$ cat target32.pdb   # PDB, C-alpha atoms, pLDDT in the B column
MODEL        1
ATOM      1  CA  MET A 176       0.000   0.000   0.000  1.00 48.00           C
ATOM      2  CA  GLU A 177       2.870   2.333   0.808  1.00 51.00           C
ATOM      3  CA  HIS A 178       4.303   1.750  -2.654  1.00 47.00           C
ATOM      4  CA  GLU A 179       0.895   2.203  -4.280  1.00 49.00           C
ATOM      5  CA  LEU A 180       0.556   5.612  -2.638  1.00 39.00           C
ATOM      6  CA  SER A 181       4.019   6.670  -3.745  1.00 47.00           C
ATOM      7  CA  GLY A 182       5.626   7.171  -7.139  1.00 53.00           C
ATOM      8  CA  VAL A 183       7.041   3.645  -6.949  1.00 57.00           C
ATOM      9  CA  ALA A 184       3.784   2.120  -8.157  1.00 55.00           C
ATOM     10  CA  ARG A 185       3.837   4.188 -11.341  1.00 55.00           C
ATOM     11  CA  GLY A 186       6.817   2.170 -12.442  1.00 56.00           C
ATOM     12  CA  ARG A 187       8.213   4.865 -14.660  1.00 69.00           C
ATOM     13  CA  ILE A 188      11.917   5.581 -14.209  1.00 74.00           C
ATOM     14  CA  ASP A 189      12.618   9.309 -14.249  1.00 76.00           C
ATOM     15  CA  ALA A 190      15.966  11.075 -14.608  1.00 81.00           C
ATOM     16  CA  SER A 191      15.424  12.571 -11.162  1.00 83.00           C
ATOM     17  CA  ASP A 192      14.984   9.193  -9.428  1.00 85.00           C
ATOM     18  CA  SER A 193      17.484   8.325  -6.742  1.00 89.00           C
ATOM     19  CA  LEU A 194      19.119   4.903  -6.870  1.00 92.00           C
ATOM     20  CA  HIS A 195      16.886   3.957  -3.925  1.00 88.00           C
ATOM     21  CA  ASP A 196      13.749   4.884  -5.901  1.00 85.00           C
ATOM     22  CA  LEU A 197      14.993   3.131  -9.022  1.00 84.00           C
ATOM     23  CA  ALA A 198      15.727  -0.101  -7.139  1.00 87.00           C
ATOM     24  CA  HIS A 199      12.376  -0.051  -5.351  1.00 86.00           C
ATOM     25  CA  LYS A 200      10.446   0.604  -8.550  1.00 84.00           C
ATOM     26  CA  ILE A 201      12.049  -2.364 -10.265  1.00 84.00           C
ATOM     27  CA  GLY A 202      11.627  -4.634  -7.247  1.00 86.00           C
ATOM     28  CA  PHE A 203       8.004  -3.604  -6.739  1.00 86.00           C
ATOM     29  CA  HIS A 204       6.957  -4.187 -10.334  1.00 83.00           C
ATOM     30  CA  GLU A 205       8.834  -7.449 -10.752  1.00 87.00           C
ATOM     31  CA  ALA A 206       7.292  -8.827  -7.551  1.00 90.00           C
ATOM     32  CA  ARG A 207       3.831  -7.644  -8.563  1.00 89.00           C
ATOM     33  CA  SER A 208       4.127  -9.131 -12.037  1.00 91.00           C
ATOM     34  CA  ILE A 209       5.024 -12.526 -10.563  1.00 94.00           C
ATOM     35  CA  GLU A 210       2.170 -12.417  -8.053  1.00 95.00           C
ATOM     36  CA  ASP A 211      -0.374 -11.309 -10.661  1.00 94.00           C
ATOM     37  CA  THR A 212       0.809 -13.892 -13.179  1.00 96.00           C
ATOM     38  CA  VAL A 213       0.633 -16.806 -10.750  1.00 96.00           C
ATOM     39  CA  SER A 214      -2.775 -15.663  -9.467  1.00 96.00           C
ATOM     40  CA  GLY A 215      -4.192 -15.579 -12.989  1.00 96.00           C
ATOM     41  CA  LEU A 216      -2.455 -18.685 -14.343  1.00 97.00           C
ATOM     42  CA  ASP A 217      -4.675 -21.319 -15.938  1.00 98.00           C
ATOM     43  CA  LEU A 218      -3.476 -24.255 -13.864  1.00 98.00           C
ATOM     44  CA  THR A 219      -5.620 -26.772 -15.750  1.00 98.00           C
ATOM     45  CA  CYS A 220      -3.967 -25.729 -19.011  1.00 98.00           C
ATOM     46  CA  LEU A 221      -0.505 -25.753 -17.429  1.00 98.00           C
ATOM     47  CA  ASP A 222      -1.105 -29.226 -16.004  1.00 98.00           C
ATOM     48  CA  GLU A 223      -2.096 -30.589 -19.427  1.00 98.00           C
ATOM     49  CA  VAL A 224       1.152 -29.265 -20.879  1.00 98.00           C
ATOM     50  CA  ALA A 225       3.168 -30.608 -17.947  1.00 98.00           C
ATOM     51  CA  HIS A 226       1.651 -34.079 -18.296  1.00 98.00           C
ATOM     52  CA  ALA A 227       2.413 -34.127 -22.026  1.00 98.00           C
ATOM     53  CA  ILE A 228       6.061 -33.258 -21.385  1.00 98.00           C
ATOM     54  CA  ALA A 229       6.308 -35.608 -18.399  1.00 97.00           C
ATOM     55  CA  ALA A 230       5.239 -38.386 -20.786  1.00 97.00           C
ATOM     56  CA  ARG A 231       8.556 -37.706 -22.551  1.00 96.00           C
ATOM     57  CA  ARG A 232       7.162 -36.108 -25.670  1.00 98.00           C
ATOM     58  CA  PRO A 233       9.976 -34.153 -27.392  1.00 98.00           C
ATOM     59  CA  VAL A 234       9.905 -30.407 -26.714  1.00 98.00           C
ATOM     60  CA  THR A 235      10.863 -27.481 -28.933  1.00 98.00           C
ATOM     61  CA  VAL A 236      10.986 -24.004 -27.394  1.00 98.00           C
ATOM     62  CA  LEU A 237      10.721 -20.811 -29.450  1.00 98.00           C
ATOM     63  CA  GLY A 238      11.487 -17.189 -28.643  1.00 97.00           C
ATOM     64  CA  VAL A 239      13.581 -14.206 -29.678  1.00 96.00           C
ATOM     65  CA  GLY A 240      15.197 -11.363 -27.780  1.00 92.00           C
ATOM     66  CA  ALA A 241      14.374 -11.297 -24.065  1.00 91.00           C
ATOM     67  CA  SER A 242      11.782 -14.039 -24.607  1.00 95.00           C
ATOM     68  CA  GLY A 243      14.525 -16.075 -26.232  1.00 96.00           C
ATOM     69  CA  LEU A 244      16.488 -15.934 -22.984  1.00 95.00           C
ATOM     70  CA  VAL A 245      13.462 -17.334 -21.161  1.00 97.00           C
ATOM     71  CA  ALA A 246      13.068 -20.023 -23.820  1.00 98.00           C
ATOM     72  CA  LYS A 247      16.707 -21.013 -23.390  1.00 98.00           C
ATOM     73  CA  ASP A 248      16.250 -21.148 -19.617  1.00 98.00           C
ATOM     74  CA  LEU A 249      13.296 -23.543 -19.964  1.00 98.00           C
ATOM     75  CA  CYS A 250      15.194 -25.730 -22.411  1.00 98.00           C
ATOM     76  CA  GLN A 251      18.204 -26.006 -20.112  1.00 98.00           C
ATOM     77  CA  LYS A 252      16.010 -26.857 -17.141  1.00 97.00           C
ATOM     78  CA  LEU A 253      14.292 -29.661 -19.039  1.00 97.00           C
ATOM     79  CA  GLN A 254      17.554 -31.042 -20.394  1.00 97.00           C
ATOM     80  CA  ARG A 255      18.926 -31.256 -16.850  1.00 95.00           C
ATOM     81  CA  ILE A 256      16.224 -33.766 -15.916  1.00 95.00           C
ATOM     82  CA  GLY A 257      16.730 -35.869 -19.036  1.00 94.00           C
ATOM     83  CA  GLN A 258      13.952 -34.358 -21.146  1.00 97.00           C
ATOM     84  CA  GLN A 259      14.554 -34.187 -24.898  1.00 97.00           C
ATOM     85  CA  CYS A 260      14.341 -30.474 -25.677  1.00 98.00           C
ATOM     86  CA  GLN A 261      15.743 -28.118 -28.290  1.00 98.00           C
ATOM     87  CA  PHE A 262      16.120 -24.365 -28.595  1.00 98.00           C
ATOM     88  CA  THR A 263      18.076 -22.222 -31.014  1.00 98.00           C
ATOM     89  CA  SER A 264      18.334 -18.458 -31.162  1.00 97.00           C
ATOM     90  CA  ASP A 265      18.532 -18.637 -34.971  1.00 98.00           C
ATOM     91  CA  THR A 266      15.030 -17.709 -36.149  1.00 97.00           C
ATOM     92  CA  HIS A 267      15.499 -19.449 -39.504  1.00 97.00           C
ATOM     93  CA  LEU A 268      16.348 -22.693 -37.721  1.00 98.00           C
ATOM     94  CA  GLN A 269      13.368 -22.161 -35.424  1.00 98.00           C
ATOM     95  CA  LEU A 270      11.156 -22.221 -38.523  1.00 98.00           C
ATOM     96  CA  VAL A 271      12.848 -25.404 -39.750  1.00 97.00           C
ATOM     97  CA  GLN A 272      12.492 -27.090 -36.373  1.00 97.00           C
ATOM     98  CA  ALA A 273       8.846 -26.086 -36.089  1.00 98.00           C
ATOM     99  CA  ALA A 274       7.996 -27.334 -39.574  1.00 97.00           C
ATOM    100  CA  MET A 275       9.491 -30.744 -38.779  1.00 97.00           C
ATOM    101  CA  ARG A 276       7.389 -31.373 -35.680  1.00 98.00           C
ATOM    102  CA  THR A 277       4.848 -34.193 -35.456  1.00 98.00           C
ATOM    103  CA  PRO A 278       1.754 -34.858 -33.308  1.00 98.00           C
ATOM    104  CA  GLN A 279       4.114 -36.458 -30.792  1.00 98.00           C
ATOM    105  CA  ASP A 280       5.897 -33.151 -30.138  1.00 98.00           C
ATOM    106  CA  VAL A 281       5.266 -30.258 -27.771  1.00 98.00           C
ATOM    107  CA  VAL A 282       6.164 -26.793 -29.056  1.00 98.00           C
ATOM    108  CA  ILE A 283       6.241 -23.799 -26.709  1.00 98.00           C
ATOM    109  CA  GLY A 284       6.493 -20.263 -28.049  1.00 98.00           C
ATOM    110  CA  ILE A 285       7.253 -17.324 -25.755  1.00 98.00           C
ATOM    111  CA  SER A 286       6.363 -13.707 -26.583  1.00 96.00           C
ATOM    112  CA  PHE A 287       5.042 -11.128 -24.146  1.00 94.00           C
ATOM    113  CA  SER A 288       3.330  -9.076 -26.848  1.00 93.00           C
ATOM    114  CA  GLY A 289       2.185 -12.162 -28.713  1.00 95.00           C
ATOM    115  CA  ARG A 290       3.004 -10.335 -31.931  1.00 96.00           C
ATOM    116  CA  THR A 291       6.591 -11.435 -32.509  1.00 96.00           C
ATOM    117  CA  VAL A 292       6.498 -12.334 -36.195  1.00 97.00           C
ATOM    118  CA  GLU A 293       9.137 -15.070 -36.089  1.00 97.00           C
ATOM    119  CA  THR A 294       7.576 -16.813 -33.101  1.00 98.00           C
ATOM    120  CA  HIS A 295       4.106 -16.553 -34.617  1.00 98.00           C
ATOM    121  CA  LYS A 296       5.236 -18.108 -37.901  1.00 98.00           C
ATOM    122  CA  ALA A 297       7.061 -20.948 -36.191  1.00 98.00           C
ATOM    123  CA  LEU A 298       4.155 -21.721 -33.842  1.00 98.00           C
ATOM    124  CA  ALA A 299       1.727 -21.733 -36.754  1.00 98.00           C
ATOM    125  CA  LEU A 300       3.919 -24.245 -38.592  1.00 98.00           C
ATOM    126  CA  ALA A 301       4.134 -26.487 -35.536  1.00 98.00           C
ATOM    127  CA  ALA A 302       0.398 -26.298 -34.899  1.00 97.00           C
ATOM    128  CA  ASN A 303      -0.336 -27.137 -38.537  1.00 97.00           C
ATOM    129  CA  ALA A 304       1.957 -30.152 -38.200  1.00 96.00           C
ATOM    130  CA  GLY A 305      -0.224 -31.381 -35.335  1.00 97.00           C
ATOM    131  CA  ALA A 306       2.141 -30.690 -32.450  1.00 98.00           C
ATOM    132  CA  LEU A 307       0.747 -29.763 -29.058  1.00 98.00           C
ATOM    133  CA  SER A 308       1.273 -26.018 -29.354  1.00 98.00           C
ATOM    134  CA  VAL A 309       1.667 -23.696 -26.377  1.00 98.00           C
ATOM    135  CA  ALA A 310       2.005 -19.924 -26.101  1.00 98.00           C
ATOM    136  CA  ILE A 311       3.392 -18.129 -23.054  1.00 98.00           C
ATOM    137  CA  THR A 312       2.202 -14.574 -23.678  1.00 97.00           C
ATOM    138  CA  GLY A 313       0.838 -11.463 -22.070  1.00 95.00           C
ATOM    139  CA  ASN A 314      -1.977 -11.307 -24.627  1.00 95.00           C
ATOM    140  CA  PRO A 315      -4.022 -14.473 -25.225  1.00 96.00           C
ATOM    141  CA  ASP A 316      -5.918 -12.740 -28.053  1.00 97.00           C
ATOM    142  CA  SER A 317      -2.695 -11.958 -29.907  1.00 97.00           C
ATOM    143  CA  PRO A 318      -1.599 -13.676 -33.137  1.00 97.00           C
ATOM    144  CA  ILE A 319       0.356 -16.394 -31.334  1.00 97.00           C
ATOM    145  CA  GLY A 320      -2.495 -16.923 -28.894  1.00 97.00           C
ATOM    146  CA  GLN A 321      -4.818 -17.586 -31.812  1.00 97.00           C
ATOM    147  CA  VAL A 322      -2.742 -20.318 -33.484  1.00 98.00           C
ATOM    148  CA  VAL A 323      -2.043 -22.541 -30.471  1.00 98.00           C
ATOM    149  CA  SER A 324      -4.087 -25.063 -28.522  1.00 97.00           C
ATOM    150  CA  HIS A 325      -2.830 -23.975 -25.079  1.00 98.00           C
ATOM    151  CA  VAL A 326      -2.195 -20.453 -23.737  1.00 98.00           C
ATOM    152  CA  LEU A 327      -0.394 -19.605 -20.492  1.00 98.00           C
ATOM    153  CA  THR A 328      -0.900 -15.915 -19.782  1.00 97.00           C
ATOM    154  CA  THR A 329       1.592 -13.639 -18.084  1.00 96.00           C
ATOM    155  CA  THR A 330       0.748 -10.321 -16.459  1.00 91.00           C
ATOM    156  CA  ALA A 331       2.989  -7.248 -16.456  1.00 81.00           C
ATOM    157  CA  ARG A 332       2.595  -3.602 -17.371  1.00 65.00           C
ATOM    158  CA  GLU A 333       4.737  -2.354 -20.254  1.00 55.00           C
ATOM    159  CA  ASP A 334       5.338   1.279 -19.308  1.00 52.00           C
ATOM    160  CA  GLU A 335       6.799   4.136 -21.295  1.00 43.00           C
ATOM    161  CA  LEU A 336      10.303   3.815 -19.911  1.00 45.00           C
ATOM    162  CA  ARG A 337      10.350   0.063 -20.430  1.00 52.00           C
ATOM    163  CA  ILE A 338      10.482  -0.925 -16.784  1.00 48.00           C
ATOM    164  CA  GLY A 339       7.662  -3.244 -17.781  1.00 46.00           C
ATOM    165  CA  ALA A 340      10.061  -5.073 -20.086  1.00 67.00           C
ATOM    166  CA  LEU A 341      11.945  -6.178 -16.985  1.00 77.00           C
ATOM    167  CA  ALA A 342       8.750  -7.202 -15.211  1.00 83.00           C
ATOM    168  CA  SER A 343       7.424  -9.095 -18.221  1.00 89.00           C
ATOM    169  CA  ARG A 344      10.552 -11.243 -18.353  1.00 91.00           C
ATOM    170  CA  MET A 345      10.180 -12.071 -14.650  1.00 93.00           C
ATOM    171  CA  ALA A 346       6.545 -13.036 -15.263  1.00 95.00           C
ATOM    172  CA  GLN A 347       7.622 -15.365 -18.078  1.00 96.00           C
ATOM    173  CA  LEU A 348      10.283 -16.925 -15.866  1.00 97.00           C
ATOM    174  CA  ALA A 349       7.671 -17.493 -13.161  1.00 97.00           C
ATOM    175  CA  VAL A 350       5.486 -19.461 -15.594  1.00 98.00           C
ATOM    176  CA  VAL A 351       8.526 -21.430 -16.768  1.00 98.00           C
ATOM    177  CA  ASP A 352       9.470 -22.250 -13.175  1.00 98.00           C
ATOM    178  CA  VAL A 353       5.961 -23.434 -12.268  1.00 98.00           C
ATOM    179  CA  LEU A 354       5.776 -25.545 -15.441  1.00 98.00           C
ATOM    180  CA  PHE A 355       9.204 -27.058 -14.857  1.00 98.00           C
ATOM    181  CA  ALA A 356       8.500 -27.796 -11.193  1.00 97.00           C
ATOM    182  CA  ARG A 357       5.255 -29.552 -12.123  1.00 97.00           C
ATOM    183  CA  ILE A 358       7.023 -31.671 -14.748  1.00 97.00           C
ATOM    184  CA  ALA A 359       9.744 -32.583 -12.251  1.00 95.00           C
ATOM    185  CA  GLN A 360       7.066 -33.448  -9.691  1.00 95.00           C
ATOM    186  CA  LEU A 361       5.304 -35.750 -12.150  1.00 96.00           C
ATOM    187  CA  ARG A 362       8.605 -37.485 -12.895  1.00 94.00           C
ATOM    188  CA  PHE A 363       9.798 -37.458  -9.297  1.00 87.00           C
ATOM    189  CA  ASP A 364      10.778 -41.136  -9.252  1.00 82.00           C
ATOM    190  CA  ASP A 365      13.102 -40.632 -12.233  1.00 75.00           C
ATOM    191  CA  LEU A 366      14.825 -37.473 -11.040  1.00 73.00           C
ATOM    192  CA  ASP A 367      17.641 -39.143  -9.096  1.00 68.00           C
ATOM    193  CA  ALA A 368      18.671 -41.190 -12.122  1.00 59.00           C
ATOM    194  CA  ALA A 369      18.545 -38.181 -14.445  1.00 56.00           C
ATOM    195  CA  LEU A 370      20.478 -35.908 -12.109  1.00 60.00           C
ATOM    196  CA  GLY A 371      22.976 -38.627 -11.247  1.00 52.00           C
ATOM    197  CA  VAL A 372      24.519 -38.598 -14.722  1.00 46.00           C
ATOM    198  CA  LEU A 373      25.237 -34.856 -14.672  1.00 50.00           C
ATOM    199  CA  PRO A 374      28.834 -33.742 -14.155  1.00 56.00           C
ATOM    200  CA  ARG A 375      29.517 -32.218 -10.754  1.00 57.00           C
ATOM    201  CA  ASP A 376      31.624 -29.139 -10.050  1.00 57.00           C
TER
ENDMDL
END
$ encode --input "target32.pdb" --output "structure tokens"
Amino acid sequence: MEHELSGVARGRIDASDSLHDLAHKIGFHEARSIEDTVSGLDLTCLDEVAHAIAARRPVTVLGVGASGLVAKDLCQKLQRIGQQCQFTSDTHLQLVQAAMRTPQDVVIGISFSGRTVETHKALALAANAGALSVAITGNPDSPIGQVVSHVLTTTAREDELRIGALASRMAQLAVVDVLFARIAQLRFDDLDAALGVLPRD
């Protein structure tokens, strides 16, 4: 409430902000985006996706820019528990990978706006190939939300000074973490074997 009554809740970074104000604005909006995203998450939809992946269906993750970093994070998490998963930052290869999917595959595209052209094209190809298609987006009515069978919605304000771009990435990571944790939970009995083959520092 204190933040809501102050300039912190506006989220806009001004040239006159102190470092204290800047840090609190970022922290406030990232925390709020995570809370709002988890509160509004379609858990039934997420569970369907988690069960499909837990059944060891191959996964392809799509995303560019900041969303590409989140896509890479999800891919690495899944690979660490022995899940077949692929991600490339090359958008041309993303199109190739998407076009080669089958009904046995799961394809997850990440875009906060839902209007990223490359991600939309790749998801459409995967969906047309019959793959279980998933969008993680801040706009379920966006182009990528319209071509997939499953939508996981994130919540974050995109403000003028782009502080929202930080919050939106945290919201995406929150969805990825919940999805990954659910998959790991469903494959709990296999985790020790999967983690046991990883090199240790």
$ closest_atom_pairs --input "target32.pdb" --of "segment 217-283 of chain A" --to "segment 345-362 of chain A" --cutoff "7 Å" --atoms "only C-alpha atoms" --output "tab-separated table"
residue	atom	partner	partner_atom	distance
A:Leu221	CA	A:Leu354	CA	6.6
A:Ala225	CA	A:Ile358	CA	5.1
A:His226	CA	A:Ile358	CA	6.9
A:Ile228	CA	A:Ile358	CA	6.9
A:Ala229	CA	A:Ile358	CA	5.4
A:Val245	CA	A:Leu348	CA	6.2
A:Leu249	CA	A:Val351	CA	6.1
$ resolve_selection --input "target32.pdb" --expression "the PyMOL selection byres ((chain A and resi 292-300) around 6)" --output "list in words"
Gly238, Leu270, Ala273, Ala274, Arg290, Thr291, Ala301, Ala302, Asn303, Ile319 and Val322 of chain A
$ residues_around --input "target32.pdb" --residues "Ala206 of chain A" --least-positions-apart "3" --cutoff "9 Å" --atoms "only C-alpha atoms" --output "list in words"
Ile201, Gly202, Phe203, Ile209, Glu210, Asp211, Ala342, Met345 and Ala346 of chain A
$ resolve_selection --input "target32.pdb" --expression "the PyMOL selection byres ((chain A and resi 310) around 8)" --output "CSV table (one decimal) with C-alpha atoms, keeping the file's coordinate frame"
chain,number,residue,atom,x,y,z
A,283,ILE,CA,6.2,-23.8,-26.7
A,284,GLY,CA,6.5,-20.3,-28.0
A,285,ILE,CA,7.3,-17.3,-25.8
A,286,SER,CA,6.4,-13.7,-26.6
A,308,SER,CA,1.3,-26.0,-29.4
A,309,VAL,CA,1.7,-23.7,-26.4
A,311,ILE,CA,3.4,-18.1,-23.1
A,312,THR,CA,2.2,-14.6,-23.7
A,319,ILE,CA,0.4,-16.4,-31.3
A,320,GLY,CA,-2.5,-16.9,-28.9
A,323,VAL,CA,-2.0,-22.5,-30.5
A,325,HIS,CA,-2.8,-24.0,-25.1
A,326,VAL,CA,-2.2,-20.5,-23.7
A,327,LEU,CA,-0.4,-19.6,-20.5
$ atom_distance --input "target32.pdb" --atom1 "atom CA of Ser208 of chain A" --atom2 "atom CA of Asp265 of chain A"
28.7 Å
$ closest_residue --input "target32.pdb" --among "A:Leu237, A:Leu244, A:Leu366, A:Leu253" --to "Gln272 of chain A" --atoms "all atoms listed in the file"
A:Leu237
$ atom_distance --input "target32.pdb" --atom1 "atom CA of Leu268 of chain A" --atom2 "atom CA of Val236 of chain A"
11.7 Å
$ atom_distance --input "target32.pdb" --atom1 "atom CA of Ser264 of chain A" --atom2 "atom CA of Asp248 of chain A"
12.0 Å
$ closest_residue --input "target32.pdb" --among "A:Gln279, A:Thr328, A:Gln258, A:Ser193" --to "Ala306 of chain A" --atoms "only C-alpha atoms"
A:Gln279
$ axis_aligned_box --input "target32.pdb" --around "segment 238-245 of chain A" --padding-each-side "8 Å" --output "lines of an AutoDock Vina configuration file"
center_x = 14.0
center_y = -14.3
center_z = -25.4
size_x = 21.0
size_y = 22.0
size_z = 24.5
